[in-house]
>>> print(open('run-v5.tsv').read())   # TSV, C-alpha atoms and all ligand atoms
chain	number	residue	atom	x	y	z
A	5	MET	CA	4.87	56.36	11.14
A	6	GLU	CA	2.99	53.26	9.99
A	7	ASP	CA	0.44	53.30	7.19
A	8	VAL	CA	-1.73	50.64	8.84
A	9	ILE	CA	-1.78	49.27	12.36
A	10	ILE	CA	-4.12	46.36	13.03
A	11	LEU	CA	-5.05	45.47	16.60
A	12	GLY	CA	-5.85	41.80	17.04
A	13	THR	CA	-4.94	38.49	15.45
A	14	GLY	CA	-8.31	36.77	15.22
A	15	CYS	CA	-10.16	36.18	11.94
A	16	ALA	CA	-10.91	39.89	11.43
A	17	GLY	CA	-7.42	41.17	12.22
A	18	LEU	CA	-5.55	38.57	10.17
A	19	THR	CA	-7.85	38.93	7.17
A	20	ALA	CA	-7.28	42.69	7.32
A	21	ALA	CA	-3.54	41.92	7.45
A	22	ILE	CA	-3.73	39.70	4.35
A	23	TYR	CA	-5.58	42.37	2.36
A	24	THR	CA	-3.49	45.34	3.47
A	25	GLY	CA	-0.36	43.23	2.99
A	26	ARG	CA	-1.33	42.36	-0.57
A	27	ALA	CA	-2.02	46.08	-1.12
A	28	GLN	CA	1.66	46.70	-0.26
A	29	LEU	CA	0.78	48.65	2.87
A	30	ASN	CA	3.22	46.70	5.05
A	31	PRO	CA	0.75	46.37	7.98
A	32	LEU	CA	1.94	46.18	11.57
A	33	VAL	CA	-0.23	43.75	13.53
A	34	LEU	CA	-0.31	44.13	17.31
A	35	GLU	CA	-1.30	40.96	19.12
A	36	GLY	CA	-2.58	41.14	22.63
A	37	THR	CA	-3.17	38.50	25.28
A	38	GLN	CA	-4.83	35.83	23.10
A	39	PRO	CA	-2.91	35.44	19.82
A	40	GLY	CA	-5.13	33.89	17.18
A	41	GLY	CA	-8.31	34.94	18.97
A	42	GLN	CA	-11.24	32.79	20.00
A	43	LEU	CA	-10.86	30.15	17.29
A	44	THR	CA	-7.65	28.93	18.92
A	45	THR	CA	-9.83	27.59	21.74
A	46	THR	CA	-12.27	25.88	19.36
A	47	SER	CA	-11.81	22.25	18.46
A	48	GLU	CA	-13.16	21.81	14.97
A	49	VAL	CA	-14.35	24.61	12.67
A	50	GLU	CA	-16.98	22.98	10.47
A	51	ASN	CA	-18.70	25.96	8.92
A	52	PHE	CA	-15.88	28.02	7.37
A	53	PRO	CA	-16.35	27.71	3.60
A	54	GLY	CA	-13.67	25.75	1.77
A	55	PHE	CA	-12.98	23.05	4.34
A	56	PRO	CA	-15.31	20.14	3.51
A	57	GLU	CA	-13.87	18.00	6.33
A	58	GLY	CA	-13.66	20.93	8.79
A	59	ILE	CA	-10.38	22.33	10.15
A	60	ASP	CA	-8.81	22.53	13.58
A	61	GLY	CA	-9.27	26.08	14.93
A	62	PHE	CA	-5.67	26.52	16.00
A	63	MET	CA	-4.40	25.31	12.63
A	64	MET	CA	-6.72	27.64	10.78
A	65	MET	CA	-5.44	30.67	12.67
A	66	ASP	CA	-1.83	29.57	12.19
A	67	ASN	CA	-2.50	29.34	8.45
A	68	LEU	CA	-4.05	32.84	8.39
A	69	ARG	CA	-1.06	34.20	10.26
A	70	LYS	CA	1.42	32.66	7.81
A	71	GLN	CA	-0.68	33.82	4.86
A	72	ALA	CA	-0.57	37.44	6.10
A	73	ALA	CA	3.18	37.20	6.85
A	74	ARG	CA	3.74	36.03	3.26
A	75	PHE	CA	2.40	39.40	2.10
A	76	GLY	CA	4.56	41.40	4.48
A	77	ALA	CA	2.51	41.62	7.69
A	78	ARG	CA	4.71	42.20	10.73
A	79	TYR	CA	3.72	41.08	14.23
A	80	GLU	CA	4.48	42.59	17.63
A	81	HIS	CA	3.18	41.77	21.08
A	82	ALA	CA	1.61	44.89	22.58
A	83	LYS	CA	-1.44	45.57	24.70
A	84	VAL	CA	-2.76	48.96	23.68
A	85	ASP	CA	-4.22	50.87	26.67
A	86	LYS	CA	-5.31	54.06	24.94
A	87	ILE	CA	-5.59	55.68	21.52
A	88	GLU	CA	-5.50	59.40	20.81
A	89	ILE	CA	-5.95	61.18	17.49
A	90	GLN	CA	-3.99	64.38	16.82
A	91	ASP	CA	-4.22	66.11	13.42
A	92	GLY	CA	-5.45	62.85	11.89
A	93	ILE	CA	-2.51	60.86	13.26
A	94	LYS	CA	-3.51	57.93	15.42
A	95	LYS	CA	-1.32	57.49	18.51
A	96	LEU	CA	-1.49	54.12	20.18
A	97	PHE	CA	-0.17	53.88	23.74
A	98	ALA	CA	1.02	50.44	24.87
A	99	GLY	CA	2.86	50.63	28.20
A	100	ASP	CA	6.01	52.70	27.57
A	101	LYS	CA	5.65	52.45	23.83
A	102	VAL	CA	3.79	54.81	21.49
A	103	TYR	CA	2.92	53.74	17.95
A	104	GLU	CA	1.80	56.22	15.27
A	105	ALA	CA	-0.29	55.36	12.24
A	106	ASN	CA	-2.24	56.92	9.40
A	107	THR	CA	-4.93	54.25	9.65
A	108	VAL	CA	-5.97	51.88	12.42
A	109	ILE	CA	-8.13	48.76	12.29
A	110	VAL	CA	-9.41	47.64	15.70
A	111	ALA	CA	-10.16	43.92	15.64
A	112	THR	CA	-9.76	43.05	19.29
A	113	GLY	CA	-12.60	40.51	19.48
A	114	ALA	CA	-14.39	39.47	22.63
A	115	ARG	CA	-13.70	37.46	25.78
A	116	PRO	CA	-15.87	34.88	27.57
A	117	ARG	CA	-18.56	36.17	29.92
A	118	LEU	CA	-18.68	34.73	33.44
A	119	LEU	CA	-21.73	34.12	35.64
A	120	GLY	CA	-20.67	36.25	38.60
A	121	ILE	CA	-21.88	33.68	41.15
A	122	ALA	CA	-20.28	32.69	44.45
A	123	GLY	CA	-17.30	30.34	44.14
A	124	GLU	CA	-16.78	31.03	40.42
A	125	GLN	CA	-13.74	33.33	40.71
A	126	GLU	CA	-12.13	31.27	43.47
A	127	MET	CA	-12.18	28.12	41.32
A	128	TYR	CA	-11.60	29.79	37.94
A	129	GLY	CA	-8.53	28.63	36.04
A	130	GLY	CA	-7.27	25.40	37.53
A	131	LYS	CA	-9.71	24.48	40.26
A	132	GLY	CA	-12.66	23.36	38.19
A	133	VAL	CA	-14.24	26.46	36.65
A	134	THR	CA	-13.23	27.17	33.06
A	135	THR	CA	-14.47	28.68	29.81
A	136	CYS	CA	-12.54	26.44	27.42
A	137	ALA	CA	-13.30	22.76	26.87
A	138	THR	CA	-10.65	22.51	24.15
A	139	CYS	CA	-7.99	23.74	26.57
A	140	ASP	CA	-9.09	21.92	29.72
A	141	GLY	CA	-11.41	19.06	28.71
A	142	ALA	CA	-8.73	16.36	28.90
A	143	PHE	CA	-8.16	17.11	32.60
A	144	TYR	CA	-11.66	15.81	33.32
A	145	ARG	CA	-11.31	12.30	31.89
A	146	ASP	CA	-13.88	9.88	33.37
A	147	MET	CA	-15.38	12.63	35.53
A	148	ASP	CA	-18.81	14.26	35.63
A	149	VAL	CA	-18.90	17.88	34.46
A	150	VAL	CA	-21.47	20.58	33.73
A	151	VAL	CA	-21.68	23.09	30.88
A	152	VAL	CA	-23.62	26.28	31.57
A	153	GLY	CA	-25.40	27.94	28.63
A	154	GLY	CA	-27.77	27.10	25.81
A	155	GLY	CA	-26.09	28.57	22.71
A	156	ASP	CA	-23.86	27.05	20.03
A	157	SER	CA	-20.80	27.45	22.23
A	158	ALA	CA	-22.39	25.50	25.08
A	159	ALA	CA	-23.56	22.74	22.74
A	160	GLU	CA	-20.14	22.56	21.12
A	161	GLU	CA	-18.34	22.47	24.49
A	162	ALA	CA	-20.70	19.76	25.77
A	163	LEU	CA	-20.21	17.61	22.68
A	164	PHE	CA	-16.44	18.01	22.85
A	165	LEU	CA	-16.41	17.03	26.52
A	166	THR	CA	-18.21	13.75	25.78
A	167	ARG	CA	-14.86	12.54	24.38
A	168	PHE	CA	-13.39	12.53	27.87
A	169	CYS	CA	-16.03	12.83	30.55
A	170	SER	CA	-18.37	10.17	31.89
A	171	LYS	CA	-21.35	12.51	32.00
A	172	VAL	CA	-21.97	16.09	30.83
A	173	THR	CA	-24.94	18.00	32.23
A	174	MET	CA	-25.97	21.05	30.21
A	175	ILE	CA	-27.47	23.66	32.52
A	176	HIS	CA	-29.74	26.08	30.70
A	177	ARG	CA	-31.97	28.76	32.19
A	178	ARG	CA	-34.78	28.18	29.67
A	179	GLY	CA	-36.71	25.19	28.29
A	180	GLU	CA	-35.14	25.21	24.82
A	181	LEU	CA	-31.65	25.76	23.45
A	182	ARG	CA	-30.65	28.92	21.60
A	183	ALA	CA	-28.11	26.87	19.61
A	184	SER	CA	-28.61	26.18	15.90
A	185	GLN	CA	-30.85	23.20	15.18
A	186	ILE	CA	-28.03	20.91	14.09
A	187	MET	CA	-25.99	21.57	17.24
A	188	ALA	CA	-29.05	21.37	19.49
A	189	ASP	CA	-30.06	18.02	18.00
A	190	ARG	CA	-26.55	16.63	18.39
A	191	ALA	CA	-26.36	17.73	22.03
A	192	THR	CA	-29.82	16.69	23.15
A	193	SER	CA	-29.59	13.26	21.51
A	194	HIS	CA	-26.11	12.42	22.83
A	195	GLU	CA	-26.17	9.55	25.30
A	196	LYS	CA	-23.58	11.19	27.60
A	197	ILE	CA	-25.33	14.57	27.73
A	198	GLU	CA	-28.10	15.21	30.22
A	199	MET	CA	-30.17	18.38	30.01
A	200	ALA	CA	-30.99	20.45	33.11
A	201	TRP	CA	-33.71	22.69	31.65
A	202	ASN	CA	-35.06	25.84	33.33
A	203	THR	CA	-32.11	25.81	35.67
A	204	SER	CA	-29.90	28.67	36.85
A	205	PRO	CA	-26.57	28.22	38.63
A	206	ILE	CA	-26.32	30.05	41.94
A	207	GLU	CA	-23.04	28.85	43.48
A	208	VAL	CA	-20.02	26.72	42.67
A	209	LEU	CA	-19.28	24.49	45.65
A	210	ALA	CA	-15.74	23.52	46.67
A	211	ASP	CA	-14.37	20.40	48.35
A	212	ASP	CA	-12.06	20.69	51.34
A	213	LYS	CA	-9.06	21.33	49.03
A	214	GLY	CA	-10.81	24.20	47.26
A	215	PHE	CA	-11.61	22.28	44.06
A	216	CYS	CA	-15.05	22.16	42.46
A	217	ARG	CA	-17.24	19.34	43.78
A	218	ALA	CA	-20.72	20.49	42.69
A	219	ILE	CA	-22.79	23.37	41.40
A	220	ARG	CA	-25.84	24.60	43.29
A	221	VAL	CA	-28.69	25.47	40.99
A	222	GLN	CA	-32.21	26.79	41.17
A	223	ASP	CA	-35.21	25.70	39.12
A	224	THR	CA	-36.42	28.87	37.37
A	225	VAL	CA	-40.04	27.62	37.47
A	226	THR	CA	-40.39	26.15	40.97
A	227	SER	CA	-37.49	28.03	42.68
A	228	GLU	CA	-36.41	24.70	44.13
A	229	GLU	CA	-32.67	24.41	44.77
A	230	ARG	CA	-30.45	21.35	44.31
A	231	GLU	CA	-26.80	20.38	43.86
A	232	ILE	CA	-25.39	18.80	40.70
A	233	PRO	CA	-22.15	16.96	41.55
A	234	CYS	CA	-19.35	17.84	39.10
A	235	LYS	CA	-15.57	18.13	39.05
A	236	GLY	CA	-15.64	20.72	36.30
A	237	ALA	CA	-17.95	23.61	35.42
A	238	PHE	CA	-17.56	24.91	31.86
A	239	ILE	CA	-19.13	28.35	31.45
A	240	ALA	CA	-20.33	29.12	27.89
A	241	ILE	CA	-22.74	32.03	28.23
A	242	GLY	CA	-21.51	34.42	25.56
A	243	HIS	CA	-18.88	37.10	25.34
A	244	ILE	CA	-17.87	40.66	26.27
A	245	PRO	CA	-16.21	42.78	23.55
A	246	ASN	CA	-12.62	43.88	24.23
A	247	THR	CA	-13.18	47.59	23.76
A	248	ASP	CA	-12.47	49.26	27.11
A	249	PHE	CA	-9.31	50.89	25.75
A	250	VAL	CA	-11.36	52.94	23.25
A	251	GLU	CA	-14.13	53.95	25.67
A	252	ASN	CA	-13.17	57.64	25.59
A	253	LEU	CA	-12.61	57.71	21.84
A	254	LEU	CA	-15.26	55.68	20.03
A	255	ASP	CA	-19.01	55.31	20.47
A	256	ARG	CA	-19.98	52.01	22.11
A	257	ASP	CA	-23.39	50.48	22.74
A	258	GLY	CA	-24.68	49.43	26.16
A	259	ASP	CA	-22.92	46.06	25.93
A	260	GLY	CA	-19.58	47.62	24.94
A	261	TYR	CA	-19.68	46.85	21.18
A	262	ILE	CA	-18.12	49.58	19.00
A	263	VAL	CA	-20.79	51.47	17.07
A	264	THR	CA	-19.83	52.00	13.45
A	265	GLU	CA	-21.22	54.51	10.95
A	266	PRO	CA	-24.60	53.61	9.37
A	267	SER	CA	-23.00	53.93	5.91
A	268	SER	CA	-20.59	51.08	6.58
A	269	GLN	CA	-20.11	48.17	8.95
A	270	VAL	CA	-16.52	49.10	9.68
A	271	LYS	CA	-16.08	52.89	9.55
A	272	THR	CA	-15.92	54.75	12.87
A	273	LYS	CA	-16.57	58.47	13.25
A	274	TYR	CA	-12.88	59.20	12.61
A	275	ALA	CA	-11.43	59.19	9.09
A	276	GLY	CA	-8.96	56.37	8.61
A	277	PHE	CA	-10.13	54.56	11.75
A	278	TYR	CA	-11.95	51.24	11.38
A	279	ALA	CA	-13.29	48.45	13.57
A	280	ALA	CA	-14.09	44.89	12.54
A	281	GLY	CA	-15.16	41.51	13.86
A	282	ASP	CA	-16.53	40.51	17.26
A	283	CYS	CA	-15.68	43.86	18.91
A	284	VAL	CA	-18.35	45.39	16.61
A	285	ASP	CA	-20.68	42.58	15.60
A	286	HIS	CA	-23.17	41.43	18.21
A	287	VAL	CA	-25.51	39.83	15.69
A	288	TYR	CA	-23.70	37.26	13.54
A	289	ARG	CA	-20.42	36.67	15.43
A	290	GLN	CA	-19.08	34.04	13.05
A	291	ALA	CA	-15.52	33.39	11.89
A	292	ILE	CA	-16.57	34.04	8.31
A	293	THR	CA	-18.37	37.31	9.10
A	294	ALA	CA	-15.40	38.51	11.18
A	295	ALA	CA	-13.10	37.68	8.26
A	296	GLY	CA	-15.48	39.55	5.91
A	297	MET	CA	-15.41	42.63	8.12
A	298	GLY	CA	-11.61	42.47	8.29
A	299	CYS	CA	-11.57	42.48	4.49
A	300	GLN	CA	-13.98	45.45	4.34
A	301	ALA	CA	-11.89	47.45	6.83
A	302	ALA	CA	-8.70	46.72	4.88
A	303	ILE	CA	-10.23	47.87	1.60
A	304	GLU	CA	-11.57	51.04	3.26
A	305	ALA	CA	-8.14	51.78	4.73
A	306	GLU	CA	-6.43	51.20	1.39
A	307	ARG	CA	-8.88	53.50	-0.45
A	308	TRP	CA	-8.64	56.21	2.18
A	309	LEU	CA	-4.84	56.22	2.05
A	310	ALA	CA	-4.89	56.28	-1.77
A	311	GLU	CA	-7.38	59.19	-1.88
A	312	ARG	CA	-5.34	61.16	0.63
A	313	GLU	CA	-2.24	60.81	-1.50
A	314	SER	CA	-3.90	61.74	-4.80
A	401	LIG	P1	-25.01	33.03	22.69
A	401	LIG	O1	-25.55	32.50	21.42
A	401	LIG	O2	-25.21	34.44	23.06
A	401	LIG	O3	-25.59	32.11	23.85
A	401	LIG	C1	-25.35	32.39	25.21
A	401	LIG	C2	-26.14	31.42	26.04
A	401	LIG	O4	-25.83	31.65	27.42
A	401	LIG	C3	-27.64	31.57	25.88
A	401	LIG	O5	-28.25	30.31	25.84
A	401	LIG	C4	-28.04	32.36	27.14
A	401	LIG	O6	-29.31	32.00	27.62
A	401	LIG	C5	-27.02	31.87	28.14
A	401	LIG	N1	-26.75	32.90	29.16
A	401	LIG	C6	-26.35	34.18	28.98
A	401	LIG	N2	-26.17	34.80	30.15
A	401	LIG	C7	-26.47	33.87	31.10
A	401	LIG	C8	-26.47	33.90	32.51
A	401	LIG	N3	-26.12	34.99	33.21
A	401	LIG	N4	-26.84	32.78	33.17
A	401	LIG	C9	-27.18	31.66	32.49
A	401	LIG	N5	-27.18	31.56	31.15
A	401	LIG	C10	-26.83	32.66	30.48
A	401	LIG	O7	-23.42	32.82	22.80
A	401	LIG	P2	-22.51	31.67	22.16
A	401	LIG	O8	-23.09	30.32	22.36
A	401	LIG	O9	-21.15	31.95	22.69
A	401	LIG	O10	-22.52	31.96	20.61
A	401	LIG	C11	-22.10	33.24	20.11
A	401	LIG	C12	-22.18	33.25	18.59
A	401	LIG	O11	-21.19	32.37	18.07
A	401	LIG	C13	-23.52	32.79	18.05
A	401	LIG	O12	-23.84	33.54	16.93
A	401	LIG	C14	-23.27	31.35	17.69
A	401	LIG	O13	-24.11	30.90	16.65
A	401	LIG	C15	-21.81	31.41	17.25
A	401	LIG	N6	-21.16	30.10	17.43
A	401	LIG	C16	-21.28	29.19	16.40
A	401	LIG	C17	-20.73	27.92	16.53
A	401	LIG	C18	-20.90	26.94	15.43
A	401	LIG	O14	-21.54	27.27	14.44
A	401	LIG	N7	-20.38	25.73	15.53
A	401	LIG	C19	-20.03	27.57	17.69
A	401	LIG	C20	-19.93	28.51	18.71
A	401	LIG	C21	-20.51	29.76	18.58
A	401	LIG	P3	-30.65	32.42	26.79
A	401	LIG	O15	-30.72	31.48	25.64
A	401	LIG	O16	-31.72	32.23	27.80
A	401	LIG	O17	-30.45	33.85	26.41
>>> encode(input="run-v5.tsv", output="structure tokens", more="lines below")
Ligand code: NAP
Amino acid sequence: MEDVIILGTGCAGLTAAIYTGRAQLNPLVLEGTQPGGQLTTTSEVENFPGFPEGIDGFMMMDNLRKQAARFGARYEHAKVDKIEIQDGIKKLFAGDKVYEANTVIVATGARPRLLGIAGEQEMYGGKGVTTCATCDGAFYRDMDVVVVGGGDSAAEEALFLTRFCSKVTMIHRRGELRASQIMADRATSHEKIEMAWNTSPIEVLADDKGFCRAIRVQDTVTSEEREIPCKGAFIAIGHIPNTDFVENLLDRDGDGYIVTEPSSQVKTKYAGFYAAGDCVDHVYRQAITAAGMGCQAAIEAERWLAERES
């Protein structure tokens, strides 16, 4: 029986691991399909306090991981499919394996949302459609690409792609960006970035080898359709929380985010069961807020275990 099992190795999960580790709770951290979480696919993290020059996302997560290990966190690869609670004991089912714990912190984050348009799935992952400029940008050197979306992620992806690509067209369904002012200004003033305002993608078009050659779009004001030639289409339209495995256990909102108790950001309706980071937070969704929630969940778990023992 474990005292604490943490699901997820993003900012929330690893911060929870550092705190529960330092509290001598010997946390077991289960990492799923994307170790290190979303920041491992980010180029430069500029807004995490304490790094005046910014820090590479992958390096930051590697540092967090080592920091938690230093305090006794243990890591295992396991994709939890289901959790049951019997007499207060949390049973986590991962394939053939069953883990048992007194407390659980779910910090499973979120995954990129896709458009659901024709051609997208067929060309996803290797044939021109992708959700990660950091991972795939270099494959598109000297080529024209598009980025779909108008938030900070889209602006960041577009700016990153200007390092490699000849032209980056940002396709956004409205007439102004949702991104923060600083990111919006950087994107709209960049000489390699062209804005396609009031424009919705309707199909990704393939060449005769099945690779992306263009994206067909529609003007949201005039309904006029046109093709934007591109070898790569980077989709950056937000995220879906990774919470399906708790659908029969925890309350979730209409978008799948775990609903926590009004008294706390991280307590669920079960004692000793917490949730933190992007699987809960649909408002702030920052590395620093995820880390903060991971810290809160760890402190709650520590207090709950201590009270139970006294
Ligand atoms: P987001 O802020 O939710 O933006 C999603 C964008 O995609 C919006 O512009 C939205 O359009 C568009 N969109 C959504 N569904 C669409 C669809 N079906 N078709 C076309 N467009 C669609 O998501 P995000 O950019 O991933 O950012 C998430 C959070 O992370 C935010 O809080 C952001 O500030 C933060 N973040 C921060 C940084 C940074 O500080 N450097 C970097 C990345 C992310 P509408 O605008 O019309 O809704």
>>> axis_aligned_box(input="run-v5.tsv", around="ligand LIG 401 (chain A)", padding_each_side="5 Å", output="AutoDock Vina command-line options")
--center_x -25.8 --center_y 30.4 --center_z 23.8 --size_x 21.8 --size_y 19.3 --size_z 28.8
>>> residues_near_ligand(input="run-v5.tsv", ligand="ligand LIG 401 (chain A)", cutoff="6 Å", atoms="all atoms listed in the file", output="list in words")
Leu119, Gly153, Gly154, Gly155, Asp156, Ser157, Ala158, Arg177, Arg178, Arg182, Ser204, Ala240, Ile241, Gly242, Tyr288, Arg289 and Gln290 of chain A
>>> write_last_selection(input="run-v5.tsv", atoms="C-alpha atoms", output="PDB file, in the frame of the given file")
ATOM      1  CA  LEU A 119     -21.730  34.120  35.640  1.00  0.00           C
ATOM      2  CA  GLY A 153     -25.400  27.940  28.630  1.00  0.00           C
ATOM      3  CA  GLY A 154     -27.770  27.100  25.810  1.00  0.00           C
ATOM      4  CA  GLY A 155     -26.090  28.570  22.710  1.00  0.00           C
ATOM      5  CA  ASP A 156     -23.860  27.050  20.030  1.00  0.00           C
ATOM      6  CA  SER A 157     -20.800  27.450  22.230  1.00  0.00           C
ATOM      7  CA  ALA A 158     -22.390  25.500  25.080  1.00  0.00           C
ATOM      8  CA  ARG A 177     -31.970  28.760  32.190  1.00  0.00           C
ATOM      9  CA  ARG A 178     -34.780  28.180  29.670  1.00  0.00           C
ATOM     10  CA  ARG A 182     -30.650  28.920  21.600  1.00  0.00           C
ATOM     11  CA  SER A 204     -29.900  28.670  36.850  1.00  0.00           C
ATOM     12  CA  ALA A 240     -20.330  29.120  27.890  1.00  0.00           C
ATOM     13  CA  ILE A 241     -22.740  32.030  28.230  1.00  0.00           C
ATOM     14  CA  GLY A 242     -21.510  34.420  25.560  1.00  0.00           C
ATOM     15  CA  TYR A 288     -23.700  37.260  13.540  1.00  0.00           C
ATOM     16  CA  ARG A 289     -20.420  36.670  15.430  1.00  0.00           C
ATOM     17  CA  GLN A 290     -19.080  34.040  13.050  1.00  0.00           C
TER      18      GLN A 290
END
>>> residues_around(input="run-v5.tsv", residues="A:Gly179", least_positions_apart="5", cutoff="10 Å", atoms="all atoms listed in the file", output="PyMOL selection string")
chain A and resi 154+199-203+224
>>> closest_atom_pairs(input="run-v5.tsv", of="stretch 33-89 of chain A", to="stretch 274-277 of chain A", cutoff="12 Å", atoms="only C-alpha atoms", output="tab-separated table")
residue	atom	partner	partner_atom	distance
A:Ile87	CA	A:Phe277	CA	10.8
A:Glu88	CA	A:Tyr274	CA	11.0
A:Ile89	CA	A:Tyr274	CA	8.7
>>> write_last_selection(input="run-v5.tsv", atoms="C-alpha atoms", output="CSV table (one decimal), keeping the file's coordinate frame")
chain,number,residue,atom,x,y,z
A,87,ILE,CA,-5.6,55.7,21.5
A,88,GLU,CA,-5.5,59.4,20.8
A,89,ILE,CA,-6.0,61.2,17.5
>>> atom_distance(input="run-v5.tsv", atom1="atom CA of A:Pro233", atom2="atom CA of A:Thr45")
25.6 Å
>>> residues_around(input="run-v5.tsv", residues="A:Gly99", least_positions_apart="2", cutoff="8 Å", atoms="all atoms listed in the file", output="list of chain:residue names")
A:Lys83, A:Val84, A:Asp85, A:Phe97, A:Lys101, A:Val102
